[in-house]
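Shown next, in structure tokens, is the structure this report addresses.
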Amino acid sequence: MTTLLHIDSSARSGSSGTTAHGSHTRRLTDRFVQQWTSRNPETEVIYRDVGQRPPAPVTGDWIHAAFTPEHARQEWMKETLHDSDVLVDELLKADVIVVGVPMYNFGPPAQFKAYIDNIVRVGRTFGFDRSREGEPYWPLLEGLGKRLIILSSRGDYGYQPGGRIADRNHVESSVRSAFAYIGITDVHEAAIEYDEFGDARLAESIAQAEVSVDDLVSMLAGPSVVGAVPSLRSGESCNVLP
């Protein structure tokens, strides 16, 4: 059975398709998950809303605990790493990771950066050994067949590769870099632009992004199942941090 990890990071609640001033990225991630589960109704979906419930930022104590060998950790260290361990466990379980990451001031939201800082973990998602020949770091999730889908939104336009302000886009590149570091390199993307304009160009960009999402699902999830009922998001009831 496939496990799909659905992550939203927008500070906006609700989807732009159903809620006034709702999130475009939530609109795209919801669409992806609904399309996926209609094709694969047996999929287990874990939902994580870091936009509304952001992970705690990394602290000095967190770093001390993470770099202490597991067998030598004191109780306070285990408690410090507990929420990070939950996030890492979800990532390890997932076959498909769908992340909604809007552009905030040219990069990902701080909430999503906090998520990244919690799942890039020495000994859990990447290895580190000073005595190792060559690079002392290596990815621990490489070769596991995990797929990452980055669904973004931008107020302006022209952030795509080759676009008028592509050099200011630090969303997809930073997300790709972090996940590649831990071994997840099968990455797919779609994005909405023109949000700040709110005119026909925004409507067209939304429509194009939704087509891209549908195409991605068709490519990655296989043929549709007629009459299938989407599965529940298991994380909404039991996999969301308080």
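Identifiers in the structure tokens: chain A, B, ... in order shown; residue index from 1 per chain; ligand index from 1 in order shown.
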Dump as a Markdown table the rows for residues of stretch 132-197 of chain A within 10 Å of stretch 104-113 of chain A: closest atom pair and distance in Å with one decimal, only C-alpha atoms counted, ordered by chain and rising residue number.
```
| residue | atom | partner | partner_atom | distance |
| --- | --- | --- | --- | --- |
| A:Ser152 | CA | A:Pro108 | CA | 9.2 |
| A:Ser153 | CA | A:Tyr104 | CA | 9.3 |
| A:Arg154 | CA | A:Tyr104 | CA | 8.0 |
| A:Gly155 | CA | A:Tyr104 | CA | 8.9 |
| A:Tyr159 | CA | A:Phe106 | CA | 9.5 |
| A:Asp167 | CA | A:Phe106 | CA | 9.5 |
| A:Arg168 | CA | A:Phe106 | CA | 5.9 |
| A:Asn169 | CA | A:Phe106 | CA | 5.4 |
| A:His170 | CA | A:Gly107 | CA | 4.7 |
| A:Val171 | CA | A:Gly107 | CA | 4.6 |
| A:Glu172 | CA | A:Pro108 | CA | 8.3 |
| A:Ser173 | CA | A:Gly107 | CA | 9.2 |
| A:Ser174 | CA | A:Gly107 | CA | 7.9 |
| A:Val175 | CA | A:Pro108 | CA | 8.1 |
| A:Ala178 | CA | A:Lys113 | CA | 9.9 |
```
To test your reading of the structure, identify every residue in stretch 49-118 of chain A that backbone DSSP assigns to strand (DSSP E or B), and report it as a PyMOL selection string. chain A and resi 49+96-100+104+107
Between A:Ile119, A:Gly198, A:Trp36, A:Asp61, which is the closest to A:Gly222 once you count only C-alpha atoms? A:Trp36
With a distance cut-off of 9 Å and only C-alpha atoms, select the neighbouring residues of stretch 189-191 of chain A, excluding the residue or stretch itself and same-chain residues fewer than 6 positions from it, and output the selection as a count of residues only. 21
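When DSSP is run on the backbone, the residues of stretch 177-224 of chain A that fall into helix (DSSP H, G or I) are Ser177, Ala178, Phe179, Ala180, Tyr181, Ala200, Arg201, Leu202, Ala203, Glu204, Ser205, Ile206, Ala207, Gln208, Ala209, Glu210, Val211, Ser212, Val213, Asp214, Asp215, Leu216, Val217, Ser218, Met219, Leu220 and Ala221 of chain A.
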Writing out the chosen residues with N, CA and C atoms as a compact mmCIF listing (two decimals), in the first residue's frame:
```
# COMPACT_ATOMS: atom_id res chain seq x y z
N SER A 177 17.14 21.21 -2.85
CA SER A 177 18.46 21.00 -2.26
C SER A 177 18.38 20.25 -0.94
N ALA A 178 17.43 20.65 -0.09
CA ALA A 178 17.31 20.01 1.22
C ALA A 178 16.93 18.54 1.09
N PHE A 179 15.96 18.25 0.21
CA PHE A 179 15.53 16.86 0.05
C PHE A 179 16.58 16.02 -0.68
N ALA A 180 17.30 16.63 -1.62
CA ALA A 180 18.37 15.89 -2.30
C ALA A 180 19.47 15.52 -1.31
N TYR A 181 19.71 16.40 -0.35
CA TYR A 181 20.75 16.15 0.65
C TYR A 181 20.47 14.88 1.44
N ALA A 200 -7.40 38.26 -15.02
CA ALA A 200 -7.56 37.08 -15.86
C ALA A 200 -6.29 36.25 -15.93
N ARG A 201 -5.14 36.90 -15.76
CA ARG A 201 -3.88 36.16 -15.79
C ARG A 201 -3.77 35.21 -14.60
N LEU A 202 -4.26 35.63 -13.44
CA LEU A 202 -4.28 34.74 -12.28
C LEU A 202 -5.19 33.55 -12.55
N ALA A 203 -6.39 33.81 -13.08
CA ALA A 203 -7.33 32.72 -13.37
C ALA A 203 -6.72 31.73 -14.35
N GLU A 204 -6.02 32.24 -15.35
CA GLU A 204 -5.38 31.36 -16.33
C GLU A 204 -4.26 30.55 -15.70
N SER A 205 -3.48 31.20 -14.82
CA SER A 205 -2.38 30.51 -14.16
C SER A 205 -2.90 29.40 -13.25
N ILE A 206 -4.00 29.68 -12.55
CA ILE A 206 -4.62 28.65 -11.70
C ILE A 206 -5.06 27.46 -12.55
N ALA A 207 -5.72 27.76 -13.67
CA ALA A 207 -6.20 26.68 -14.54
C ALA A 207 -5.04 25.86 -15.08
N GLN A 208 -3.95 26.51 -15.47
CA GLN A 208 -2.79 25.79 -16.00
C GLN A 208 -2.14 24.94 -14.91
N ALA A 209 -2.05 25.48 -13.70
CA ALA A 209 -1.45 24.73 -12.59
C ALA A 209 -2.30 23.51 -12.25
N GLU A 210 -3.63 23.65 -12.30
CA GLU A 210 -4.49 22.51 -12.02
C GLU A 210 -4.34 21.43 -13.08
N VAL A 211 -4.18 21.83 -14.32
CA VAL A 211 -3.93 20.84 -15.39
C VAL A 211 -2.60 20.14 -15.12
N SER A 212 -1.59 20.91 -14.70
CA SER A 212 -0.28 20.32 -14.40
C SER A 212 -0.39 19.31 -13.27
N VAL A 213 -1.17 19.64 -12.24
CA VAL A 213 -1.38 18.71 -11.13
C VAL A 213 -2.05 17.44 -11.63
N ASP A 214 -3.08 17.59 -12.44
CA ASP A 214 -3.78 16.41 -12.98
C ASP A 214 -2.84 15.55 -13.81
N ASP A 215 -1.99 16.21 -14.61
CA ASP A 215 -1.03 15.48 -15.43
C ASP A 215 -0.02 14.72 -14.57
N LEU A 216 0.42 15.37 -13.48
CA LEU A 216 1.36 14.70 -12.58
C LEU A 216 0.74 13.47 -11.95
N VAL A 217 -0.50 13.58 -11.52
CA VAL A 217 -1.18 12.43 -10.92
C VAL A 217 -1.33 11.32 -11.96
N SER A 218 -1.71 11.69 -13.17
CA SER A 218 -1.86 10.68 -14.22
C SER A 218 -0.55 9.95 -14.48
N MET A 219 0.55 10.70 -14.45
CA MET A 219 1.85 10.11 -14.72
C MET A 219 2.34 9.24 -13.56
N LEU A 220 2.08 9.68 -12.32
CA LEU A 220 2.68 9.03 -11.17
C LEU A 220 1.78 8.00 -10.48
N ALA A 221 0.45 8.18 -10.59
CA ALA A 221 -0.45 7.34 -9.81
C ALA A 221 -1.07 6.20 -10.59
```
Quick one: residues within 7 Å of stretch 81-98 of chain A, only C-alpha atoms, excluding same-chain residues fewer than 4 positions away - as a ChimeraX atom specification? /A:2-7,29,62,77,118-119,145-150
Could you name the residues that touch A:Gly51 at 8 Å or less, counting only C-alpha atoms, but leaving out those on the same chain fewer than 5 positions away, as a count of residues only? 7
Can you tell me, as a VMD selection string, what residues are no more than 9 Å from A:Lys78 when counting only C-alpha atoms, ignoring any on the same chain fewer than 5 positions away? chain A and resid 65 70 73
With only C-alpha atoms as the counted atoms, please give the residues lying no more than 7 Å from A:Tyr137, apart from itself and same-chain residues fewer than 5 positions off, as a PyMOL selection string. chain A and resi 126-129
